[in-house]
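Pasted below: data00.pdb, PDB, C-alpha atoms.
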```
ATOM      1  CA  MET L   1      23.308  -6.466 -12.722
ATOM      2  CA  ASP L   2      26.165  -4.215 -11.579
ATOM      3  CA  VAL L   3      24.650  -0.998 -10.247
ATOM      4  CA  THR L   4      27.986   0.744  -9.670
ATOM      5  CA  SER L   5      29.819   0.130 -12.922
ATOM      6  CA  ASP L   6      29.099   3.403 -14.680
ATOM      7  CA  ALA L   7      31.375   6.318 -13.943
ATOM      8  CA  GLU L   8      28.408   8.669 -13.971
ATOM      9  CA  MET L   9      25.076   7.339 -12.765
ATOM     10  CA  ARG L  10      21.933   8.174 -14.654
ATOM     11  CA  PRO L  11      18.507   8.382 -13.020
ATOM     12  CA  ALA L  12      16.970   4.987 -12.306
ATOM     13  CA  PHE L  13      13.909   3.571 -14.032
ATOM     14  CA  LEU L  14      12.036   1.276 -11.663
ATOM     15  CA  ILE L  15       9.326  -1.189 -12.688
ATOM     16  CA  THR L  16       7.059  -2.352  -9.872
ATOM     17  CA  ILE L  17       4.432  -5.015 -10.454
ATOM     18  CA  ASP L  18       1.724  -5.754  -7.895
ATOM     19  CA  THR L  19       1.868  -9.517  -8.401
ATOM     20  CA  GLU L  20      -1.499 -10.707  -7.206
ATOM     21  CA  GLY L  21      -4.497 -12.885  -7.981
ATOM     22  CA  ASP L  22      -6.856 -12.494 -10.892
ATOM     23  CA  ASN L  23      -9.040  -9.390 -11.161
ATOM     24  CA  ALA L  24      -9.150  -8.265  -7.538
ATOM     25  CA  TRP L  25     -11.471  -5.440  -8.659
ATOM     26  CA  ALA L  26     -14.225  -8.065  -9.096
ATOM     27  CA  ARG L  27     -13.905  -9.044  -5.398
ATOM     28  CA  PRO L  28     -13.620 -12.831  -5.980
ATOM     29  CA  ARG L  29     -14.444 -15.055  -2.997
ATOM     30  CA  LYS L  30     -11.248 -17.010  -3.613
ATOM     31  CA  ALA L  31      -8.263 -15.647  -5.505
ATOM     32  CA  SER L  32      -7.142 -17.530  -8.612
ATOM     33  CA  THR L  33      -3.728 -17.064 -10.235
ATOM     34  CA  ARG L  34      -4.166 -17.682 -13.964
ATOM     35  CA  ASN L  35      -2.405 -14.392 -14.735
ATOM     36  CA  ALA L  36       0.918 -15.892 -13.603
ATOM     37  CA  ALA L  37       1.118 -17.635 -16.983
ATOM     38  CA  TYR L  38       1.153 -14.241 -18.718
ATOM     39  CA  LEU L  39       4.161 -12.843 -16.827
ATOM     40  CA  PRO L  40       6.978 -14.475 -18.860
ATOM     41  CA  ARG L  41       5.994 -12.336 -21.857
ATOM     42  CA  PHE L  42       6.263  -9.209 -19.733
ATOM     43  CA  GLN L  43       9.585 -10.300 -18.248
ATOM     44  CA  ALA L  44      10.958 -10.879 -21.755
ATOM     45  CA  LEU L  45       9.861  -7.366 -22.747
ATOM     46  CA  CYS L  46      11.676  -5.851 -19.771
ATOM     47  CA  GLU L  47      14.855  -7.788 -20.492
ATOM     48  CA  ARG L  48      14.784  -6.720 -24.130
ATOM     49  CA  TYR L  49      15.219  -3.131 -22.929
ATOM     50  CA  GLY L  50      17.667  -3.871 -20.123
ATOM     51  CA  LEU L  51      15.086  -3.312 -17.382
ATOM     52  CA  ALA L  52      14.665  -5.337 -14.191
ATOM     53  CA  PRO L  53      11.172  -5.469 -12.670
ATOM     54  CA  THR L  54      10.365  -5.897  -8.997
ATOM     55  CA  TYR L  55       7.480  -8.335  -8.474
ATOM     56  CA  LEU L  56       5.719  -7.375  -5.231
ATOM     57  CA  THR L  57       4.014 -10.627  -4.347
ATOM     58  CA  THR L  58       0.846 -11.635  -2.500
ATOM     59  CA  TRP L  59       0.106 -14.824  -0.559
ATOM     60  CA  GLU L  60      -1.752 -16.559  -3.388
ATOM     61  CA  MET L  61       0.906 -15.760  -5.999
ATOM     62  CA  ALA L  62       3.660 -16.967  -3.673
ATOM     63  CA  HIS L  63       1.944 -20.376  -3.899
ATOM     64  CA  ALA L  64       1.338 -20.313  -7.678
ATOM     65  CA  PRO L  65       3.665 -22.845  -9.384
ATOM     66  CA  ALA L  66       3.890 -20.777 -12.581
ATOM     67  CA  PHE L  67       5.060 -17.713 -10.663
ATOM     68  CA  GLN L  68       7.408 -19.728  -8.475
ATOM     69  CA  GLU L  69       9.123 -21.004 -11.613
ATOM     70  CA  LEU L  70       9.413 -17.523 -13.098
ATOM     71  CA  GLY L  71      10.603 -15.963  -9.841
ATOM     72  CA  ARG L  72      13.346 -18.523  -9.295
ATOM     73  CA  ASP L  73      14.520 -18.093 -12.866
ATOM     74  CA  ILE L  74      14.785 -14.299 -12.745
ATOM     75  CA  LEU L  75      16.564 -14.450  -9.393
ATOM     76  CA  ALA L  76      19.045 -17.010 -10.734
ATOM     77  CA  ARG L  77      19.740 -14.802 -13.752
ATOM     78  CA  ARG L  78      19.610 -11.555 -11.718
ATOM     79  CA  THR L  79      17.053 -10.018 -14.069
ATOM     80  CA  GLY L  80      14.505  -8.978 -11.462
ATOM     81  CA  GLU L  81      13.522  -9.007  -7.808
ATOM     82  CA  ILE L  82      10.828 -10.547  -5.617
ATOM     83  CA  GLY L  83       9.268  -8.405  -2.874
ATOM     84  CA  MET L  84       6.215  -8.518  -0.602
ATOM     85  CA  HIS L  85       2.691  -7.191  -1.221
ATOM     86  CA  PRO L  86       0.231  -8.331   1.492
ATOM     87  CA  HIS L  87      -3.486  -8.461   0.812
ATOM     88  CA  ALA L  88      -4.510  -8.525   4.434
ATOM     89  CA  TRP L  89      -8.090  -9.728   3.974
ATOM     90  CA  ASP L  90      -7.354 -13.220   2.607
ATOM     91  CA  MET L  91      -3.949 -14.265   3.975
ATOM     92  CA  PRO L  92      -3.185 -16.065   7.225
ATOM     93  CA  PRO L  93      -3.943 -15.713   9.965
ATOM     94  CA  VAL L  94      -7.477 -15.050   8.732
ATOM     95  CA  ARG L  95      -9.229 -12.846  11.297
ATOM     96  CA  PRO L  96     -12.315 -11.219   9.751
ATOM     97  CA  LEU L  97     -12.860  -7.592  10.696
ATOM     98  CA  GLY L  98     -16.364  -7.229   9.358
ATOM     99  CA  ILE L  99     -19.309  -8.975   7.805
ATOM    100  CA  ASP L 100     -17.719  -9.295   4.359
ATOM    101  CA  ASP L 101     -13.977  -8.637   4.233
ATOM    102  CA  ALA L 102     -13.781 -10.295   0.797
ATOM    103  CA  ASP L 103     -15.854  -7.447  -0.572
ATOM    104  CA  ARG L 104     -14.488  -4.621   1.599
ATOM    105  CA  HIS L 105     -10.764  -5.463   1.259
ATOM    106  CA  PRO L 106      -9.627  -3.918   4.561
ATOM    107  CA  TYR L 107      -6.168  -2.416   4.941
ATOM    108  CA  LEU L 108      -3.529  -4.195   7.015
ATOM    109  CA  ILE L 109      -3.428  -1.094   9.227
ATOM    110  CA  GLU L 110      -7.018  -1.845  10.297
ATOM    111  CA  PHE L 111      -5.986  -5.087  12.008
ATOM    112  CA  PRO L 112      -4.803  -5.268  15.636
ATOM    113  CA  ASP L 113      -1.056  -4.912  16.129
ATOM    114  CA  GLU L 114      -0.417  -8.577  16.868
ATOM    115  CA  ILE L 115      -2.392  -9.834  13.857
ATOM    116  CA  ALA L 116      -0.835  -7.286  11.491
ATOM    117  CA  ARG L 117       2.661  -8.305  12.610
ATOM    118  CA  ILE L 118       1.940 -12.030  12.237
ATOM    119  CA  LYS L 119       0.456 -11.534   8.768
ATOM    120  CA  ALA L 120       3.499  -9.591   7.561
ATOM    121  CA  ALA L 121       5.918 -12.041   9.148
ATOM    122  CA  THR L 122       4.088 -15.061   7.722
ATOM    123  CA  LEU L 123       4.168 -13.806   4.138
ATOM    124  CA  THR L 124       7.783 -12.684   4.514
ATOM    125  CA  ALA L 125       8.836 -16.134   5.733
ATOM    126  CA  THR L 126       6.856 -17.844   2.957
ATOM    127  CA  LEU L 127       8.476 -15.736   0.238
ATOM    128  CA  GLU L 128      11.956 -16.199   1.667
ATOM    129  CA  GLU L 129      11.511 -19.963   1.940
ATOM    130  CA  THR L 130      10.001 -20.224  -1.546
ATOM    131  CA  PHE L 131      12.574 -18.117  -3.363
ATOM    132  CA  GLY L 132      15.641 -18.518  -1.117
ATOM    133  CA  VAL L 133      16.399 -14.805  -0.783
ATOM    134  CA  LYS L 134      15.899 -12.157   1.902
ATOM    135  CA  MET L 135      12.865  -9.958   1.339
ATOM    136  CA  VAL L 136      13.838  -6.258   1.420
ATOM    137  CA  SER L 137      11.236  -4.535  -0.825
ATOM    138  CA  HIS L 138       7.571  -3.983  -0.056
ATOM    139  CA  ARG L 139       4.339  -2.344  -1.146
ATOM    140  CA  ALA L 140       1.283  -2.223   1.090
ATOM    141  CA  GLY L 141      -1.958  -3.742  -0.089
ATOM    142  CA  ARG L 142      -4.225  -0.974  -1.378
ATOM    143  CA  TRP L 143      -1.415   1.553  -0.714
ATOM    144  CA  ALA L 144      -2.178   1.809   3.023
ATOM    145  CA  LEU L 145       0.944   2.369   5.121
ATOM    146  CA  ASP L 146       1.312   4.021   8.517
ATOM    147  CA  THR L 147       4.070   4.359  11.125
ATOM    148  CA  ARG L 148       3.045   1.193  12.976
ATOM    149  CA  TYR L 149       3.189  -0.813   9.743
ATOM    150  CA  ALA L 150       6.548   0.772   8.829
ATOM    151  CA  THR L 151       7.946  -0.313  12.204
ATOM    152  CA  ILE L 152       6.849  -3.883  11.520
ATOM    153  CA  LEU L 153       8.599  -3.769   8.141
ATOM    154  CA  MET L 154      11.825  -2.456   9.625
ATOM    155  CA  ASP L 155      11.723  -5.113  12.354
ATOM    156  CA  LEU L 156      11.428  -7.754   9.608
ATOM    157  CA  GLY L 157      14.464  -6.358   7.789
ATOM    158  CA  TYR L 158      12.801  -4.479   4.929
ATOM    159  CA  ARG L 159      14.888  -1.648   3.484
ATOM    160  CA  VAL L 160      12.628  -0.067   0.875
ATOM    161  CA  ASP L 161       8.901   0.600   0.495
ATOM    162  CA  CYS L 162       6.934   1.950  -2.460
ATOM    163  CA  SER L 163       3.430   2.429  -1.021
ATOM    164  CA  VAL L 164       3.268   6.238  -1.046
ATOM    165  CA  THR L 165       1.189   7.834  -3.815
ATOM    166  CA  PRO L 166       1.867  11.604  -3.749
ATOM    167  CA  HIS L 167      -1.110  13.957  -4.174
ATOM    168  CA  LEU L 168      -3.640  11.222  -3.336
ATOM    169  CA  HIS L 169      -5.884  10.372  -0.403
ATOM    170  CA  TRP L 170      -7.275   6.860   0.141
ATOM    171  CA  PRO L 171     -10.516   6.802   2.157
ATOM    172  CA  ALA L 172     -11.163   4.439   5.053
ATOM    173  CA  THR L 173     -12.646   1.077   4.091
ATOM    174  CA  GLY L 174     -14.590   0.803   7.321
ATOM    175  CA  GLU L 175     -12.544   1.377  10.458
ATOM    176  CA  PRO L 176     -12.753   5.073  11.514
ATOM    177  CA  GLY L 177      -9.456   6.937  11.240
ATOM    178  CA  CYS L 178      -7.885   4.420   8.846
ATOM    179  CA  SER L 179      -7.877   6.619   5.774
ATOM    180  CA  VAL L 180      -4.458   7.245   4.240
ATOM    181  CA  ASP L 181      -3.467  10.761   3.197
ATOM    182  CA  TYR L 182      -0.406  11.192   0.976
ATOM    183  CA  ARG L 183      -1.394  14.565  -0.472
ATOM    184  CA  ALA L 184       1.552  16.347   1.162
ATOM    185  CA  ALA L 185       4.081  13.531   0.698
ATOM    186  CA  PRO L 186       7.317  14.140  -1.243
ATOM    187  CA  GLU L 187       7.392  13.063  -4.864
ATOM    188  CA  ASP L 188      11.008  11.868  -4.743
ATOM    189  CA  PRO L 189      12.574   9.175  -2.494
ATOM    190  CA  TYR L 190      13.120   9.886   1.201
ATOM    191  CA  PHE L 191      13.821   8.067   4.450
ATOM    192  CA  VAL L 192      10.609   7.977   6.460
ATOM    193  CA  HIS L 193       9.898   9.868   9.663
ATOM    194  CA  ARG L 194       9.108   7.809  12.753
ATOM    195  CA  ASP L 195       5.988   9.924  13.447
ATOM    196  CA  ASP L 196       4.668  10.511   9.925
ATOM    197  CA  ILE L 197       5.089   8.149   6.992
ATOM    198  CA  ALA L 198       4.514  10.979   4.509
ATOM    199  CA  ARG L 199       7.355  13.122   5.886
ATOM    200  CA  PRO L 200      11.142  12.733   5.523
ATOM    201  CA  GLY L 201      12.988  11.606   8.647
ATOM    202  CA  ASP L 202      15.882   9.478   9.783
ATOM    203  CA  CYS L 203      14.427   5.945   9.876
ATOM    204  CA  PRO L 204      16.328   3.304   7.881
ATOM    205  CA  LEU L 205      13.309   2.544   5.668
ATOM    206  CA  LEU L 206      13.624   4.225   2.270
ATOM    207  CA  GLU L 207      10.348   5.331   0.708
ATOM    208  CA  VAL L 208      10.273   5.378  -3.101
ATOM    209  CA  PRO L 209       6.930   6.942  -4.069
ATOM    210  CA  VAL L 210       5.189   5.886  -7.235
ATOM    211  CA  THR L 211       5.777   8.478  -9.937
ATOM    212  CA  ILE L 212       2.688  10.685  -9.812
ATOM    213  CA  ARG L 213       2.690  14.354 -10.779
ATOM    214  CA  LEU L 214       0.098  17.116 -10.832
ATOM    215  CA  LEU L 215      -0.215  18.426 -14.365
ATOM    216  CA  PRO L 216      -2.824  20.421 -16.274
ATOM    217  CA  ARG L 217      -5.863  18.400 -17.281
ATOM    218  CA  ASN L 218      -5.507  19.905 -20.734
ATOM    219  CA  GLY L 219      -2.531  18.040 -22.183
ATOM    220  CA  ALA L 220      -1.962  20.833 -24.700
ATOM    221  CA  LEU L 221      -0.857  23.061 -21.824
ATOM    222  CA  TRP L 222       1.926  20.740 -20.676
ATOM    223  CA  ARG L 223       4.582  22.369 -22.822
ATOM    224  CA  PHE L 224       3.832  25.742 -21.243
ATOM    225  CA  THR L 225       3.318  24.690 -17.607
ATOM    226  CA  PRO L 226       6.175  23.974 -15.177
ATOM    227  CA  LEU L 227       6.143  20.543 -13.555
ATOM    228  CA  ALA L 228       4.287  20.848 -10.243
ATOM    229  CA  THR L 229       6.614  20.468  -7.246
ATOM    230  CA  SER L 230       3.905  21.222  -4.686
ATOM    231  CA  HIS L 231       0.153  21.439  -4.604
ATOM    232  CA  PRO L 232      -1.301  24.213  -6.731
ATOM    233  CA  PRO L 233      -3.504  26.784  -5.008
ATOM    234  CA  THR L 234      -6.941  25.438  -4.184
ATOM    235  CA  LEU L 235      -8.531  27.911  -6.589
ATOM    236  CA  PHE L 236      -6.692  26.278  -9.503
ATOM    237  CA  ARG L 237      -6.783  22.645  -8.326
ATOM    238  CA  ARG L 238      -9.588  21.719 -10.692
ATOM    239  CA  ALA L 239      -7.336  22.589 -13.609
ATOM    240  CA  PHE L 240      -4.873  19.880 -12.523
ATOM    241  CA  ARG L 241      -5.025  16.127 -12.131
ATOM    242  CA  ALA L 242      -2.660  13.473 -10.817
ATOM    243  CA  PHE L 243      -0.928  11.675 -13.682
ATOM    244  CA  TRP L 244       0.607   8.263 -12.877
ATOM    245  CA  LEU L 245       3.494   6.558 -14.656
ATOM    246  CA  ARG L 246       1.059   3.714 -15.160
ATOM    247  CA  PRO L 247      -0.607   2.659 -18.423
ATOM    248  CA  ASP L 248      -4.392   2.706 -18.442
ATOM    249  CA  GLY L 249      -5.165   1.978 -22.094
ATOM    250  CA  ARG L 250      -5.625   5.646 -22.986
ATOM    251  CA  ASN L 251      -2.458   7.423 -21.844
ATOM    252  CA  GLY L 252       0.271   5.807 -23.932
ATOM    253  CA  ARG L 253       1.545   9.050 -25.453
ATOM    254  CA  ILE L 254       1.389  10.854 -22.126
ATOM    255  CA  LEU L 255       3.673   8.324 -20.413
ATOM    256  CA  THR L 256       6.807   9.259 -22.345
ATOM    257  CA  THR L 257       6.112  12.967 -21.868
ATOM    258  CA  LEU L 258       5.635  12.462 -18.137
ATOM    259  CA  LEU L 259       8.891  10.497 -17.901
ATOM    260  CA  ASP L 260      10.765  13.292 -19.685
ATOM    261  CA  ARG L 261       9.315  15.909 -17.353
ATOM    262  CA  VAL L 262      10.192  13.916 -14.240
ATOM    263  CA  LEU L 263      13.786  13.298 -15.295
ATOM    264  CA  ALA L 264      14.201  16.913 -16.441
ATOM    265  CA  ALA L 265      13.257  17.972 -12.896
ATOM    266  CA  ASP L 266      16.346  16.154 -11.522
ATOM    267  CA  ALA L 267      14.420  13.279  -9.985
ATOM    268  CA  PRO L 268      16.764  10.411  -8.988
ATOM    269  CA  CYS L 269      14.289   7.871 -10.332
ATOM    270  CA  ALA L 270      10.997   7.290 -12.081
ATOM    271  CA  GLU L 271       8.745   4.467 -10.892
ATOM    272  CA  PHE L 272       6.366   2.645 -13.222
ATOM    273  CA  MET L 273       3.654   0.410 -11.769
ATOM    274  CA  LEU L 274       1.135  -2.115 -13.021
ATOM    275  CA  HIS L 275      -0.802  -5.115 -11.684
ATOM    276  CA  SER L 276       0.107  -8.590 -12.896
ATOM    277  CA  SER L 277      -3.539  -9.284 -13.723
ATOM    278  CA  GLU L 278      -3.580  -6.316 -16.096
ATOM    279  CA  LEU L 279      -1.256  -8.295 -18.373
ATOM    280  CA  MET L 280      -3.968 -10.901 -19.019
ATOM    281  CA  PRO L 281      -7.074 -10.311 -21.168
ATOM    282  CA  ASP L 282     -10.357 -10.049 -19.265
ATOM    283  CA  CYS L 283      -8.567 -10.047 -15.913
ATOM    284  CA  SER L 284      -8.934  -6.351 -15.061
ATOM    285  CA  PRO L 285     -11.373  -3.547 -15.871
ATOM    286  CA  ARG L 286      -8.897  -1.597 -18.016
ATOM    287  CA  PHE L 287      -7.733  -4.372 -20.342
ATOM    288  CA  PRO L 288     -10.717  -6.611 -21.119
ATOM    289  CA  THR L 289      -9.696  -7.983 -24.525
ATOM    290  CA  ALA L 290      -6.719  -9.396 -26.393
ATOM    291  CA  LYS L 291      -6.785  -6.231 -28.489
ATOM    292  CA  SER L 292      -6.451  -4.038 -25.400
ATOM    293  CA  ILE L 293      -3.501  -6.150 -24.207
ATOM    294  CA  HIS L 294      -1.859  -5.710 -27.597
ATOM    295  CA  ALA L 295      -2.255  -1.934 -27.257
ATOM    296  CA  LEU L 296      -0.897  -2.088 -23.696
ATOM    297  CA  TYR L 297       2.266  -3.813 -24.889
ATOM    298  CA  ALA L 298       2.695  -1.253 -27.661
ATOM    299  CA  ASP L 299       2.497   1.536 -25.052
ATOM    300  CA  MET L 300       4.964  -0.235 -22.761
ATOM    301  CA  GLU L 301       7.431  -0.889 -25.576
ATOM    302  CA  ARG L 302       7.384   2.786 -26.481
ATOM    303  CA  LEU L 303       7.925   3.837 -22.863
ATOM    304  CA  PHE L 304      10.601   1.229 -22.102
ATOM    305  CA  GLU L 305      12.582   2.116 -25.203
ATOM    306  CA  HIS L 306      12.349   5.761 -24.183
ATOM    307  CA  ALA L 307      13.483   4.923 -20.640
ATOM    308  CA  ARG L 308      16.429   2.815 -21.779
ATOM    309  CA  ASP L 309      18.035   5.799 -23.477
ATOM    310  CA  ARG L 310      17.636   8.091 -20.452
ATOM    311  CA  SER L 311      17.963   5.987 -17.305
ATOM    312  CA  ASP L 312      19.344   2.852 -15.654
ATOM    313  CA  GLY L 313      16.992  -0.078 -15.177
ATOM    314  CA  LEU L 314      17.197  -1.115 -11.516
ATOM    315  CA  THR L 315      15.166  -3.166  -9.081
ATOM    316  CA  LEU L 316      13.920  -1.521  -5.894
ATOM    317  CA  ALA L 317      16.672  -3.172  -3.838
ATOM    318  CA  GLN L 318      19.356  -2.050  -6.265
ATOM    319  CA  PHE L 319      18.058   1.499  -6.196
ATOM    320  CA  ALA L 320      17.916   1.472  -2.384
ATOM    321  CA  GLN L 321      21.522   0.319  -2.289
ATOM    322  CA  ARG L 322      22.573   3.100  -4.646
ATOM    323  CA  TYR L 323      20.530   5.775  -2.908
ATOM    324  CA  SER L 324      21.594   4.773   0.602
ATOM    325  CA  ALA L 325      25.233   4.878  -0.413
ATOM    326  CA  GLY L 326      24.818   8.415  -1.757
ATOM    327  CA  ARG L 327      25.437   7.399  -5.328
ATOM    328  CA  SER L 328      22.358   8.982  -6.905
ATOM    329  CA  THR L 329      23.311  10.763 -10.059
ATOM    330  CA  LYS L 330      21.690  14.063  -9.136
ATOM    331  CA  PRO L 331      20.772  15.823  -5.907
ATOM    332  CA  ARG L 332      17.247  15.261  -4.627
ATOM    333  CA  ARG L 333      14.914  18.212  -5.132
ATOM    334  CA  GLU L 334      12.669  18.840  -2.126
ATOM    335  CA  ARG L 335       9.073  19.877  -2.584
ATOM    336  CA  ALA L 336       7.909  23.116  -1.093
ATOM    337  CA  GLY L 337       4.991  23.353   1.276
TER     338      GLY L 337
END
```
Please, can you express the file's structure as structure tokens?
Amino acid sequence: MDVTSDAEMRPAFLITIDTEGDNAWARPRKASTRNAAYLPRFQALCERYGLAPTYLTTWEMAHAPAFQELGRDILARRTGEIGMHPHAWDMPPVRPLGIDDADRHPYLIEFPDEIARIKAATLTATLEETFGVKMVSHRAGRWALDTRYATILMDLGYRVDCSVTPHLHWPATGEPGCSVDYRAAPEDPYFVHRDDIARPGDCPLLEVPVTIRLLPRNGALWRFTPLATSHPPTLFRRAFRAFWLRPDGRNGRILTTLLDRVLAADAPCAEFMLHSSELMPDCSPRFPTAKSIHALYADMERLFEHARDRSDGLTLAQFAQRYSAGRSTKPRRERAG
């Protein structure tokens, strides 16, 4: 895909898929990878609308033959990207932190420096050997990124991360002080700060936050309420909630409205996310049946068709290349506060 061919660039539409084992919400003792067989259908949907997903891949999926076949095919045809997504609790080197890491799912940032670095380097090397390309895109397992982790990524040659979830706080899983607070993070892409991952700085790692916006809980008020560019006053916070550009089985109509609002606010991109296991029936809490998967695809078709007419479908690496070269279509709007 040529990301520089248009005389005037449109905003980018990014699809990020946490490509991981089956139903991690159920805390399986050993991850299975049956959902890999359901990804070709999703890839075909993306290609139908000229979109190129980025598959952020865990250890177990990197070893799944069905996903290896799909990944090599999309790379050969340049219709997608493979990136890294470490689940620290069940990838080598296995160094348990507690009594039951399989149930607790600790963050990578909870592990000692040496172990965290080896884990990230091991999965990076595995993905690069398996797919024959340099890994440059990343999302942290369970969204947990800090400055130490970002340094490891930069040392390994990563150029773009998409772990930040604006407006949200992720509590510690066990280790004191290991909660992750993105409530003040920018909504639009930024180069990270060496002392604070949720603040713009001059490091070479580009952060592309998932598209999440604070909007009124009452959807009927959307047409009258400006898109939030900072946190609302505490007194009114209960009237707002964080809306993700992520289907959940109930928000199909909201997704297209949210995309319109984001692009109307001069955002350089919108970032959709989903888990690979959510594309398989009875492999996630939100989509338990074939009927729910059918409804999910109907929602995604509606959104992807909407996105095609308003944006350019890029992978994370393609967007990072465009953004780093200063070729974003519109100036980045900073959040206040």
Which residues are near region 74-79 of chain L? Cut-off 8 Å, all atoms listed in the file, ignore same chain within fewer than 2 positions. Put them as an MDAnalysis selection string. chainID L and resid 1 47 51:53 70:72 81:82
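Across the structure, CA of Ser179 (chain L) and CA of Leu215 (chain L) are spaced 24.6 Å apart.
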Taking the file as shown, what set of residues would the PyMOL selection byres ((chain L and resi 263) around 10) give back, as a PDB file with C-alpha atoms, in the frame of the given file?
```pdb
ATOM      1  CA  ARG L  10      21.933   8.174 -14.654  1.00  0.00           C
ATOM      2  CA  PRO L  11      18.507   8.382 -13.020  1.00  0.00           C
ATOM      3  CA  ALA L  12      16.970   4.987 -12.306  1.00  0.00           C
ATOM      4  CA  PHE L  13      13.909   3.571 -14.032  1.00  0.00           C
ATOM      5  CA  LEU L 258       5.635  12.462 -18.137  1.00  0.00           C
ATOM      6  CA  LEU L 259       8.891  10.497 -17.901  1.00  0.00           C
ATOM      7  CA  ASP L 260      10.765  13.292 -19.685  1.00  0.00           C
ATOM      8  CA  ARG L 261       9.315  15.909 -17.353  1.00  0.00           C
ATOM      9  CA  VAL L 262      10.192  13.916 -14.240  1.00  0.00           C
ATOM     10  CA  ALA L 264      14.201  16.913 -16.441  1.00  0.00           C
ATOM     11  CA  ALA L 265      13.257  17.972 -12.896  1.00  0.00           C
ATOM     12  CA  ASP L 266      16.346  16.154 -11.522  1.00  0.00           C
ATOM     13  CA  ALA L 267      14.420  13.279  -9.985  1.00  0.00           C
ATOM     14  CA  PRO L 268      16.764  10.411  -8.988  1.00  0.00           C
ATOM     15  CA  CYS L 269      14.289   7.871 -10.332  1.00  0.00           C
ATOM     16  CA  ALA L 270      10.997   7.290 -12.081  1.00  0.00           C
ATOM     17  CA  ALA L 307      13.483   4.923 -20.640  1.00  0.00           C
ATOM     18  CA  ARG L 310      17.636   8.091 -20.452  1.00  0.00           C
ATOM     19  CA  SER L 311      17.963   5.987 -17.305  1.00  0.00           C
TER      20      SER L 311
END
```
Which residue of L:Val94, L:Ala125, L:Met135, L:Leu168 approaches Thr54 (chain L) most closely, using only C-alpha atoms: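 Looking only at the distances to Thr54 (chain L), the closest residue turns out to be L:Met135.
Taking CA of Trp170 (chain L) and CA of Asn251 (chain L) as endpoints, the distance between them is 22.5 Å.
You can rank L:Met9, L:Leu108, L:Cys162, L:Leu316 by their closest distance to Val208 (chain L) using all atoms listed in the file, and at the top of that list sits L:Cys162.
Candidate residues L:Leu206, L:Leu127, L:Leu296, L:Ile212 were compared for distance to Arg194 (chain L), and the nearest is L:Leu206, using only C-alpha atoms.
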Open item on the list: I need the output of the PyMOL selection byres ((chain L and resi 320) around 12) for this file as a VMD selection string; which residues are they?
Closed with: chain L and resid 3 12 14 136 to 138 158 to 162 189 to 191 204 to 208 268 to 269 314 to 319 321 to 328
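With distances restricted to all atoms listed in the file, L:Ala121 is the closest residue to Leu156 (chain L) from L:Trp143, L:His169, L:Pro96, L:Ala121.
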- Quick one: everything within 8 Å of Met273 (chain L), counting all atoms listed in the file, minus sequence neighbours fewer than 5 positions away in the same chain. Send it as a list in words. Ile15, Thr16, Ile17, Asp18, Val210, Leu245 and Arg246 of chain L
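Considering all atoms listed in the file, the residue among L:Gly249, L:Pro28, L:Gly83, L:Gly157 positioned nearest to Thr126 (chain L) is L:Gly83.
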I want to know what sits within 10 Å of region 35-38 of chain L, based on all atoms listed in the file, with residues of the same chain fewer than 6 positions away left out; could you give that as number ranges by chain? L: 19-23, 61, 64-70, 275-281, 283
Atom pair CA of Arg308 (chain L) + CA of Ser284 (chain L), distance 27.8 Å
*So which one's closest to Val133 (chain L), L:Ile293, L:Met300, L:Ala242, L:Met84? Using only C-alpha atoms, please.*
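Ranking L:Ile293, L:Met300, L:Ala242, L:Met84 by distance to Val133 (chain L), first place goes to L:Met84.
Every residue that the PyMOL selection byres ((chain L and resi 117) around 10) selects in this file is listed here: Leu108, Phe111, Pro112, Asp113, Glu114, Ile115, Ala116, Ile118, Lys119, Ala120, Ala121, Thr122, Arg148, Tyr149, Thr151, Ile152, Leu153, Asp155 and Leu156 of chain L.
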As AutoDock Vina command-line options: centre and edge lengths in Å, one decimal, of the axis-aligned box holding region 152-163 of chain L with 4 Å per side:
```
--center_x 9.2 --center_y -2.7 --center_z 4.9 --size_x 19.5 --size_y 18.2 --size_z 22.8
```
Show me as a compact mmCIF listing (two decimals) with C-alpha atoms, in the coordinates of the input the residues that reach within 12 Å of (-11.1, 3.8, 7.8), counting all atoms listed in the file and using the file's own coordinates.
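Saved as point37.txt:
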```
# COMPACT_ATOMS: atom_id res chain seq x y z
CA LEU L 97 -12.86 -7.59 10.70
CA ARG L 104 -14.49 -4.62 1.60
CA HIS L 105 -10.76 -5.46 1.26
CA PRO L 106 -9.63 -3.92 4.56
CA TYR L 107 -6.17 -2.42 4.94
CA LEU L 108 -3.53 -4.20 7.02
CA ILE L 109 -3.43 -1.09 9.23
CA GLU L 110 -7.02 -1.84 10.30
CA PHE L 111 -5.99 -5.09 12.01
CA ALA L 144 -2.18 1.81 3.02
CA HIS L 169 -5.88 10.37 -0.40
CA TRP L 170 -7.28 6.86 0.14
CA PRO L 171 -10.52 6.80 2.16
CA ALA L 172 -11.16 4.44 5.05
CA THR L 173 -12.65 1.08 4.09
CA GLY L 174 -14.59 0.80 7.32
CA GLU L 175 -12.54 1.38 10.46
CA PRO L 176 -12.75 5.07 11.51
CA GLY L 177 -9.46 6.94 11.24
CA CYS L 178 -7.88 4.42 8.85
CA SER L 179 -7.88 6.62 5.77
CA VAL L 180 -4.46 7.24 4.24
CA ASP L 181 -3.47 10.76 3.20
```
TODO: Anything within 10 Å of (-2.1, 14.6, -3.2): list those residues as a list of chain:residue names, counting all atoms listed in the file and sticking to the file's coordinates.
DONE: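 Those residues, ordered by chain and then number, are L:Thr165, L:Pro166, L:His167, L:Leu168, L:His169, L:Trp170, L:Asp181, L:Tyr182, L:Arg183, L:Ala184, L:Ala185, L:Pro186, L:Glu187, L:Ile212, L:Arg213, L:Leu214, L:Ser230, L:His231, L:Arg241, L:Ala242.
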